[in-house]
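Structure first, commentary second.
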Amino acid sequence: MTENYEVVVVGGGAAGLSAALVLGRARRHTLVVDAGEPRNAPAAHMQGYLSRDGMSPAEFLAVGREEIARYGVELVRDRAVDAGRDGDFAVALASGRTVRARRLVVATGLKDELPAVPGLAERFGRDVLHCPYCHGWEVRDQAFGVLATTPMSVHQALMVSQWSKDVTFFLHTVAEKELSDDDLRRLAAAGVKVVPGEVAELITRDDRLTGVRLADSTTHEREVLFVAPRAVPRTDLLRRLGAELRETPFGAYPVVDETGLTTVPGVWSAGNAMGFTEQVVNAAAGGYRAGATINGELLMADLDAAVRV
């Protein structure tokens, strides 16, 4: 069965819901396809979003879904598995349903792949963290560890030193010789202790992180561990549509203009599907911008078509 919409939004996170809200208020027949896999699901709270600081991600999304429903936007729990174009766009869903649209918003986000250290994944979003802007205030002045995954992890170790003066940088699989002299000087200036050796496991007690054990069996007491996951952008749909991607240190992301329009006419991207650093507040803003641009474009296209008749 094929159903027709003016706009299909793939992804029901902050970016997708924000785009859908604008489109719904503009009286556009809009569908949101949501696989229900938000990147920030492990976190108990989200911070730094004015008026929403401290709200849980689950509550934020629930409120967003209620808001779009007021304006007639449909939401389906499903996964977009393919997309193509023959005039309008056709989006195939995992359920077997096919939906068509004049315009698409791809807001599928990204997936965080964590280092394979025993005990780490289970604590991610609790006392294993990745973003000091998201969680630094809540864990301020505690004993921090930073797990290196690449030489770029030096930047993370330097950043978190703003929230604690007790920071240990575990080199893990990174050799000390991979750090530049400037790296070492800055780490020393920040008071960050550098510890070579691979991390074997995390130590917990009473469901709290208490330390880190190295492969040589030495232990270091820590209360919080920062880690930089490997970002895996969910851009399969954009690839299938032929969007141009650009390689970055954090994965391949679509080339977009200031509104989020990709190199495929009629296809916009917003949120973490567009870039690694998009926080919730940025994602919502990007979705709003895409939604408003799409509505204006559709309006002008329809008016131009009427003039030609």
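Quick note on naming: the chains in the structure tokens go A, B, ... in the order shown, residues restart at 1 in each chain, and ligands are numbered from 1 in order of appearance.
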
Quiz item: Counting only C-alpha atoms, what is within 9 Å of Val154 (chain A), bar same-chain residues fewer than 4 positions away, as a list of chain:residue names?
Solution: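 Selected residues are A:Val146, A:Ala148, A:Thr150, A:Leu158, A:Met159, A:Phe169, A:Leu179, A:Asp183, A:Leu184, A:Leu187.
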
Practice problem: Pick out each residue of region 67-302 of chain A that DSSP on the backbone tags as helix (DSSP H, G or I); I need them as a PyMOL selection string. | Solution: chain A and resi 67-70+121-123+132-135+137-139+153-160+176-178+181-189+236-241+271-273+280-302

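Using only C-alpha atoms, the nearest neighbour of Ala284 (chain A) within the list A:Cys131, A:Gly11, A:Glu297, A:Ala270 is A:Ala270.
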
Quiz item: Which residues come within 8 Å of Phe276 (chain A), counting only C-alpha atoms, excluding same-chain residues fewer than 5 positions away, as a list in words?
Solution: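 Everything that qualifies: Leu110, Ala231, Pro233 and Phe250 of chain A.
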
Exercise. Pick out the closest residue to Leu245 (chain A) from this set: A:Gly24, A:Gly275, A:Gly13, A:Gly72. Count only C-alpha atoms.
Key: A:Gly275

Practice problem: Tell me which protein, DNA and RNA residues are within 7 Å of region 165-167 of chain A, counting only C-alpha atoms, leaving out same-chain ones fewer than 2 positions away, and put them as a PyMOL selection string. | Solution: chain A and resi 141+143-145+161+169+191-193

Practice problem: Name all residues at most 10 Å from Ala14 (chain A) (count only C-alpha atoms; drop same-chain ones fewer than 5 positions away) and give them as a list of chain:residue names. | Solution: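 Once the nearby chain positions are removed, what remains is A:Ala19, A:Ala20, A:Pro38, A:Pro57, A:Phe60, A:Leu61, A:Gly64, A:Ala107, A:Gly109, A:Ala270, A:Gly271, A:Asn272, A:Gln279, A:Val280, A:Val281, A:Asn282, A:Ala283, A:Ala284, A:Ala285, A:Gly286, A:Gly287, A:Tyr288.
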
Quiz item: How many Å separate CA of Ala101 (chain A) from CA of Ala306 (chain A)?
Solution: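 Computed distance, CA of Ala101 (chain A) to CA of Ala306 (chain A), equals 19.7 Å.
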